[in-house]
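Asks: One file: work.cif (mmCIF, C-alpha atoms and all ligand atoms).
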```cif
data_my_file
#
loop_
_atom_site.label_atom_id
_atom_site.label_comp_id
_atom_site.auth_asym_id
_atom_site.auth_seq_id
_atom_site.Cartn_x
_atom_site.Cartn_y
_atom_site.Cartn_z
CA MET A 997 5.93 -8.13 1.68
CA SER A 998 8.05 -9.83 -0.96
CA ALA A 999 11.85 -9.99 -0.75
CA THR A 1000 12.23 -7.85 -3.87
CA ARG A 1001 11.06 -4.25 -4.18
CA PRO A 1002 7.52 -3.91 -2.90
CA ARG A 1003 4.81 -3.59 -5.48
CA ILE A 1004 2.05 -1.02 -5.34
CA ALA A 1005 -1.31 -0.98 -7.11
CA ILE A 1006 -3.08 2.39 -7.23
CA LEU A 1007 -6.85 2.63 -7.69
CA ILE A 1008 -8.32 5.80 -9.14
CA SER A 1009 -11.56 7.10 -10.60
CA GLY A 1010 -10.55 10.42 -12.11
CA ARG A 1011 -7.86 13.08 -12.16
CA GLY A 1012 -5.26 11.04 -10.32
CA SER A 1013 -3.16 13.81 -8.81
CA ASN A 1014 -2.42 11.71 -5.72
CA MET A 1015 -1.43 8.83 -7.97
CA ARG A 1016 0.88 11.21 -9.76
CA ALA A 1017 2.48 12.33 -6.49
CA LEU A 1018 3.07 8.68 -5.61
CA VAL A 1019 4.55 7.86 -9.02
CA GLU A 1020 6.82 10.89 -8.81
CA ALA A 1021 8.02 9.90 -5.33
CA CYS A 1022 8.86 6.40 -6.61
CA ARG A 1023 10.66 7.75 -9.62
CA ALA A 1024 12.62 10.24 -7.52
CA GLY A 1025 13.77 7.41 -5.25
CA ASP A 1026 11.92 8.81 -2.21
CA ILE A 1027 9.82 5.64 -2.17
CA ASN A 1028 11.65 2.40 -2.77
CA ALA A 1029 8.85 0.52 -4.53
CA ASP A 1030 7.49 -0.22 -7.98
CA ILE A 1031 4.09 0.83 -9.23
CA ALA A 1032 2.71 -2.50 -10.44
CA CYS A 1033 -0.41 -1.06 -12.06
CA VAL A 1034 -3.02 1.69 -11.97
CA LEU A 1035 -6.64 0.55 -12.03
CA SER A 1036 -9.64 2.74 -12.75
CA ASN A 1037 -13.32 1.90 -12.43
CA LYS A 1038 -14.01 4.56 -15.05
CA ALA A 1039 -12.90 4.34 -18.66
CA GLY A 1040 -11.19 7.53 -19.75
CA ALA A 1041 -10.17 8.62 -16.25
CA PRO A 1042 -7.55 11.33 -16.92
CA GLY A 1043 -5.13 9.68 -14.48
CA LEU A 1044 -4.89 6.65 -16.77
CA ASP A 1045 -3.28 8.76 -19.47
CA TYR A 1046 -0.60 9.94 -17.09
CA ALA A 1047 0.11 6.36 -15.94
CA ALA A 1048 0.27 5.01 -19.48
CA ALA A 1049 2.58 7.85 -20.53
CA HIS A 1050 4.89 6.76 -17.71
CA ASP A 1051 4.93 3.11 -18.83
CA ILE A 1052 2.79 1.92 -15.94
CA PRO A 1053 0.34 -0.88 -16.78
CA THR A 1054 -3.23 0.43 -16.68
CA LEU A 1055 -6.46 -1.45 -16.20
CA THR A 1056 -10.05 -0.35 -16.53
CA ILE A 1057 -12.73 -2.38 -14.80
CA SER A 1058 -16.03 -0.57 -15.16
CA HIS A 1059 -18.29 -1.14 -12.18
CA SER A 1060 -21.28 -0.68 -14.47
CA ASP A 1061 -20.35 -3.92 -16.27
CA TYR A 1062 -21.11 -5.98 -13.14
CA PRO A 1063 -24.44 -6.92 -11.60
CA SER A 1064 -23.40 -6.23 -8.01
CA ARG A 1065 -20.71 -4.57 -5.93
CA GLU A 1066 -19.50 -8.03 -4.94
CA ALA A 1067 -19.14 -9.16 -8.56
CA PHE A 1068 -17.21 -5.98 -9.37
CA ASP A 1069 -14.94 -6.50 -6.36
CA ALA A 1070 -14.30 -10.13 -7.34
CA ALA A 1071 -13.30 -9.00 -10.83
CA MET A 1072 -10.89 -6.47 -9.34
CA ASN A 1073 -9.40 -9.13 -7.05
CA GLN A 1074 -8.71 -11.38 -9.98
CA ALA A 1075 -7.24 -8.64 -12.15
CA LEU A 1076 -5.09 -7.18 -9.38
CA ASP A 1077 -3.77 -10.56 -8.19
CA ALA A 1078 -2.05 -10.92 -11.55
CA TYR A 1079 0.11 -7.89 -10.62
CA ARG A 1080 1.05 -9.34 -7.18
CA PRO A 1081 0.64 -6.06 -5.27
CA ASP A 1082 1.99 -5.79 -1.72
CA TRP A 1083 -0.10 -2.69 -1.09
CA LEU A 1084 -3.20 -1.22 -2.67
CA LEU A 1085 -3.59 2.53 -2.52
CA LEU A 1086 -7.00 4.06 -3.05
CA ALA A 1087 -6.39 7.51 -4.51
CA GLY A 1088 -9.67 9.16 -5.37
CA PHE A 1089 -11.30 5.78 -5.98
CA MET A 1090 -15.00 6.57 -5.78
CA ARG A 1091 -16.56 3.16 -5.18
CA ILE A 1092 -17.65 1.64 -1.91
CA LEU A 1093 -15.79 -1.63 -1.46
CA THR A 1094 -17.35 -4.80 -0.05
CA PRO A 1095 -15.76 -7.47 2.16
CA VAL A 1096 -15.08 -9.43 -1.04
CA PHE A 1097 -12.29 -6.96 -1.79
CA ILE A 1098 -11.39 -5.78 1.70
CA ASP A 1099 -10.97 -9.30 3.11
CA HIS A 1100 -9.03 -10.46 0.06
CA PHE A 1101 -6.41 -7.73 0.58
CA ALA A 1102 -6.89 -7.32 4.34
CA GLY A 1103 -4.28 -5.11 6.00
CA ARG A 1104 -2.83 -4.03 2.68
CA ILE A 1105 -5.31 -1.36 1.52
CA PHE A 1106 -4.87 2.34 2.30
CA ASN A 1107 -6.98 5.35 1.43
CA ILE A 1108 -6.66 9.11 1.41
CA HIS A 1109 -9.73 11.00 2.56
CA PRO A 1110 -10.08 14.79 2.30
CA SER A 1111 -10.96 15.58 5.92
CA LEU A 1112 -9.45 15.38 9.35
CA LEU A 1113 -11.03 12.05 10.22
CA PRO A 1114 -13.01 11.14 12.26
CA LEU A 1115 -14.61 14.41 11.11
CA TYR A 1116 -16.62 14.23 7.89
CA PRO A 1117 -16.46 10.72 6.49
CA GLY A 1118 -18.24 10.48 3.14
CA LEU A 1119 -18.66 13.25 0.57
CA ASN A 1120 -18.62 17.09 0.47
CA THR A 1121 -16.04 17.25 3.21
CA HIS A 1122 -14.78 20.77 2.51
CA GLN A 1123 -18.25 22.29 2.39
CA ARG A 1124 -19.11 20.58 5.64
CA ALA A 1125 -15.92 21.89 7.30
CA LEU A 1126 -16.75 25.44 6.14
CA GLU A 1127 -20.34 25.22 7.32
CA ALA A 1128 -19.17 24.00 10.72
CA GLY A 1129 -16.90 27.07 10.99
CA ASP A 1130 -13.76 24.96 11.37
CA THR A 1131 -10.53 26.94 11.50
CA ARG A 1132 -8.47 24.01 10.22
CA ALA A 1133 -9.14 21.40 7.57
CA GLY A 1134 -7.11 18.68 5.96
CA ALA A 1135 -6.78 15.13 4.76
CA SER A 1136 -6.10 11.75 6.35
CA VAL A 1137 -4.31 8.62 5.20
CA HIS A 1138 -5.81 5.57 6.86
CA LEU A 1139 -5.89 1.80 6.72
CA VAL A 1140 -9.01 0.56 4.97
CA THR A 1141 -11.29 -1.63 7.07
CA ALA A 1142 -14.84 -2.79 6.49
CA GLU A 1143 -16.52 0.45 7.60
CA LEU A 1144 -16.27 3.41 5.19
CA ASP A 1145 -13.55 5.98 6.05
CA SER A 1146 -13.17 4.48 9.52
CA GLY A 1147 -9.89 2.53 9.63
CA PRO A 1148 -7.06 3.73 11.86
CA VAL A 1149 -5.54 7.04 10.75
CA ILE A 1150 -1.78 7.13 10.23
CA LEU A 1151 -1.01 10.66 9.05
CA GLN A 1152 -2.98 13.87 8.52
CA GLY A 1153 -2.17 16.94 6.46
CA VAL A 1154 -3.53 20.03 8.20
CA VAL A 1155 -4.16 23.44 6.62
CA ASP A 1156 -5.65 26.66 7.94
CA VAL A 1157 -9.07 27.68 6.71
CA CYS A 1158 -8.71 31.25 5.39
CA GLU A 1159 -11.13 34.16 5.43
CA GLY A 1160 -13.33 33.97 2.34
CA ASP A 1161 -12.52 30.34 1.54
CA ASP A 1162 -15.03 28.42 -0.51
CA ALA A 1163 -15.07 24.65 -0.92
CA GLU A 1164 -13.08 24.88 -4.13
CA ASN A 1165 -10.09 26.83 -2.88
CA LEU A 1166 -10.08 24.97 0.42
CA ALA A 1167 -10.00 21.70 -1.56
CA ALA A 1168 -7.04 22.98 -3.57
CA ARG A 1169 -5.12 23.88 -0.40
CA VAL A 1170 -5.90 20.49 1.15
CA LEU A 1171 -4.86 18.72 -2.07
CA GLY A 1172 -1.38 20.22 -1.71
CA ALA A 1173 -1.17 18.58 1.72
CA GLU A 1174 -2.49 15.29 0.31
CA HIS A 1175 0.42 15.15 -2.10
CA LEU A 1176 2.80 15.26 0.86
CA ILE A 1177 1.15 12.83 3.23
CA TYR A 1178 0.33 9.88 0.96
CA PRO A 1179 3.93 9.46 -0.29
CA GLN A 1180 5.17 9.87 3.29
CA VAL A 1181 3.00 7.01 4.54
CA VAL A 1182 4.14 4.76 1.69
CA LYS A 1183 7.73 5.70 2.43
CA TRP A 1184 7.25 4.59 6.05
CA LEU A 1185 5.79 1.31 4.79
CA THR A 1186 8.73 0.64 2.49
CA GLN A 1187 11.19 1.52 5.23
CA GLY A 1188 9.48 -0.85 7.65
CA GLU A 1189 8.74 2.05 10.04
CA LEU A 1190 5.03 1.42 9.57
CA SER A 1191 3.56 -2.06 9.72
CA ILE A 1192 0.09 -3.52 9.93
CA ASP A 1193 -1.03 -6.31 12.21
CA GLY A 1194 -4.67 -7.17 11.60
CA GLN A 1195 -6.41 -3.84 12.05
CA ARG A 1196 -3.59 -2.38 14.14
CA CYS A 1197 -1.24 0.19 12.65
CA LEU A 1198 2.18 0.01 14.25
CA PHE A 1199 4.84 2.70 14.03
CA ARG A 1200 8.28 1.31 14.87
CA GLY A 1201 6.53 -1.71 16.34
CA SER A 1202 4.15 0.16 18.69
CA ASP A 1203 0.46 0.94 18.29
CA ILE A 1204 -0.33 4.36 16.87
CA ILE A 1205 -2.48 6.23 19.39
CA LYS A 1206 -2.41 9.58 17.59
CA PRO A 1207 -1.82 10.12 13.86
CA GLY A 1208 1.20 12.00 12.67
CA ARG A 1209 0.65 15.32 10.95
CA TRP A 1210 2.01 17.69 8.38
CA TYR A 1211 1.27 21.28 9.27
CA ASN A 1212 3.05 24.47 8.24
CA GLY A 1213 5.83 22.57 6.48
CA ARG A 1214 6.59 20.45 9.52
CA LEU A 1215 6.14 16.68 9.88
CA THR A 1216 5.25 15.29 13.30
CA GLU A 1217 5.50 11.50 13.57
CA PRO A 1218 2.61 9.39 14.87
CA GLU A 1219 2.42 9.01 18.64
CA THR A 1220 2.61 5.44 19.91
CA HIS A 1221 2.44 3.53 23.17
C1 LIG B 1301 -8.70 13.67 -3.25
O1 LIG B 1301 -9.17 14.84 -2.64
C2 LIG B 1301 -8.78 12.51 -2.31
O2 LIG B 1301 -8.57 12.86 -0.98
C3 LIG B 1301 -10.20 12.04 -2.48
O3 LIG B 1301 -10.48 12.22 -3.85
C4 LIG B 1301 -9.62 13.24 -4.38
C5 LIG B 1301 -8.89 12.61 -5.51
O4 LIG B 1301 -8.10 13.53 -6.21
N1 LIG B 1301 -10.37 10.70 -2.01
P1 LIG B 1301 -7.03 13.01 -7.25
O5 LIG B 1301 -7.79 12.13 -8.25
O6 LIG B 1301 -5.98 12.25 -6.53
O7 LIG B 1301 -6.49 14.24 -7.91
#
```
If you convert what's in this file into structure tokens, what do you get?
Replies:
Amino acid sequence: MSATRPRIAILISGRGSNMRALVEACRAGDINADIACVLSNKAGAPGLDYAAAHDIPTLTISHSDYPSREAFDAAMNQALDAYRPDWLLLAGFMRILTPVFIDHFAGRIFNIHPSLLPLYPGLNTHQRALEAGDTRAGASVHLVTAELDSGPVILQGVVDVCEGDDAENLAARVLGAEHLIYPQVVKWLTQGELSIDGQRCLFRGSDIIKPGRWYNGRLTEPETH
């Protein structure tokens, strides 16, 4: 991390409500960091408008302009390097990343996934939770490693599944939890409470053995050993 305020790049593909929660937390002083830029792989992603309206540099790099995932990732590396980000936050970024990107920013990329990982990596997480008859659902913030949705989990937002829920209203309830947990993880990073060593996530210097969680308005810190 640089000696000045840490710099964050946020990667989106669409709505950008998590990006917005992160921007708001920075602006409110809850997170002591600067948003260096917001990058989208889709032109016209609604989140870009919000970022631009808040004087945050925006970038669009369309994956469809590149012949391979690797070429797209290399273009993102080059564009993002110019903004000197300390951390890269995937926030609804709907592209699978290759080692070209993941190795370039190793240990500095985080993602939010709408399930209680390791349950339901991939897509349609809420529908899958409902079909499994789960009584709780949620979202996870994790370090990004080479395997999709599989890096160590730092914090989870947990909600109850309610009678009559469908995927849409469950997603909306989980999204509320997402907006709490992503800023919290970034706050821990900026405070030095959370650090990364290779693929290890350390909380106050010790390995996280169980993610923290937000549930019923209460934050439980990660367990360590
Ligand atoms: C969120 O549910 C996030 O967990 C998932 O994609 C969705 C993005 O929503 N990765 P938004 O663009 O942040 O509103």
Asks: Enumerate as a list in words the residues within 6 Å of ligand LIG 1301 (chain B), counting all atoms listed in the file.
Replies: Gly1010, Arg1011, Gly1012, Ser1013, Asn1014, Met1015, Ala1087, Gly1088, Ile1108, His1109, Pro1110 and Leu1171 of chain A
Asks: Could you pull the residues within 12 Å of His1059 (chain A), counting only C-alpha atoms, minus those fewer than 3 positions along the same chain, as a list in words?
Replies: Ser1009, Leu1035, Ser1036, Asn1037, Lys1038, Ala1039, Thr1056, Tyr1062, Pro1063, Ser1064, Arg1065, Glu1066, Ala1067, Phe1068, Asp1069, Ala1070, Ala1071, Met1072, Phe1089, Met1090, Arg1091, Ile1092 and Leu1093 of chain A
Asks: With all atoms listed in the file counted and 12 Å as the cut-off, give the residues of region 1037-1133 of chain A in contact with region 1199-1208 of chain A, each with its shortest interatomic distance in Å and the pair that gives it, as JSON lines.
Replies:
```
{"residue": "A:Leu1112", "atom": "CA", "partner": "A:Pro1207", "partner_atom": "CA", "distance": 10.3}
{"residue": "A:Leu1113", "atom": "CA", "partner": "A:Pro1207", "partner_atom": "CA", "distance": 10.1}
{"residue": "A:Pro1114", "atom": "CA", "partner": "A:Pro1207", "partner_atom": "CA", "distance": 11.3}
```
Asks: When you look at Arg1023 (chain A) with a cut-off of 12 Å (counting only C-alpha atoms), what residues show up, excluding the ones that are within fewer than 6 positions of it in the same chain? I need them as a ChimeraX atom specification.
Replies: /A:1016-1017,1029-1031,1050-1052,1179
Asks: For region 1124-1130 of chain A, work out the shell of residues within 12 Å, counting only C-alpha atoms and skipping chain neighbours fewer than 2 positions away, then give it as a PyMOL selection string.
Replies: chain A and resi 1110-1113+1115-1122+1132-1135+1154-1167+1170
Asks: Can you work out which one of A:Leu1084, A:Gly1040, A:Gly1025, A:Leu1076 has the shortest atom-to-atom distance to Pro1053 (chain A), counting all atoms listed in the file?
Replies: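 Using all atoms listed in the file, the shortest distance to Pro1053 (chain A) belongs to A:Leu1076.
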Asks: Take CA of Trp1083 (chain A) and CA of Ile1105 (chain A) and report the distance between them in Å, one decimal.
Replies: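 Separating CA of Trp1083 (chain A) from CA of Ile1105 (chain A) is a distance of 6.0 Å.
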Asks: Give the answer as one residue: which of A:Leu1151, A:Ile1006, A:Cys1197, A:Ala1041 has the shortest atom-to-atom distance to Tyr1178 (chain A), using all atoms listed in the file?
Replies: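 For Tyr1178 (chain A), the nearest of the given residues is A:Leu1151.
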Asks: Enter the distance from CA of Phe1106 (chain A) to CA of Val1149 (chain A), in Å, rounded to one decimal.
Replies: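 Separation between CA of Phe1106 (chain A) and CA of Val1149 (chain A): 9.7 Å.
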Asks: Just give me the gap between CA of Ile1177 (chain A) and CA of Gln1152 (chain A) in Å, one decimal is fine.
Replies: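 Separation between CA of Ile1177 (chain A) and CA of Gln1152 (chain A): 6.8 Å.
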Asks: Quick one: everything within 9 Å of Gln1187 (chain A), counting all atoms listed in the file, minus sequence neighbours fewer than 4 positions away in the same chain. Send it as a list in words.
Replies: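 With the cut-off at 9 Å, the set is Ile1027, Asn1028, Val1182 and Lys1183 of chain A.
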Asks: Taking only C-alpha atoms into account, name the residue in A:Ser1191, A:Thr1141, A:Thr1131, A:Gly1153 that is nearest to Thr1216 (chain A).
Replies: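 Closest to Thr1216 (chain A), using only C-alpha atoms: A:Gly1153.
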Asks: Restricting the calculation to only C-alpha atoms: of A:Ile1004, A:Leu1176, A:Ala1032, A:Val1137, which residue gets closest to Arg1214 (chain A)?
Replies: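 The closest residue to Arg1214 (chain A) is A:Leu1176.
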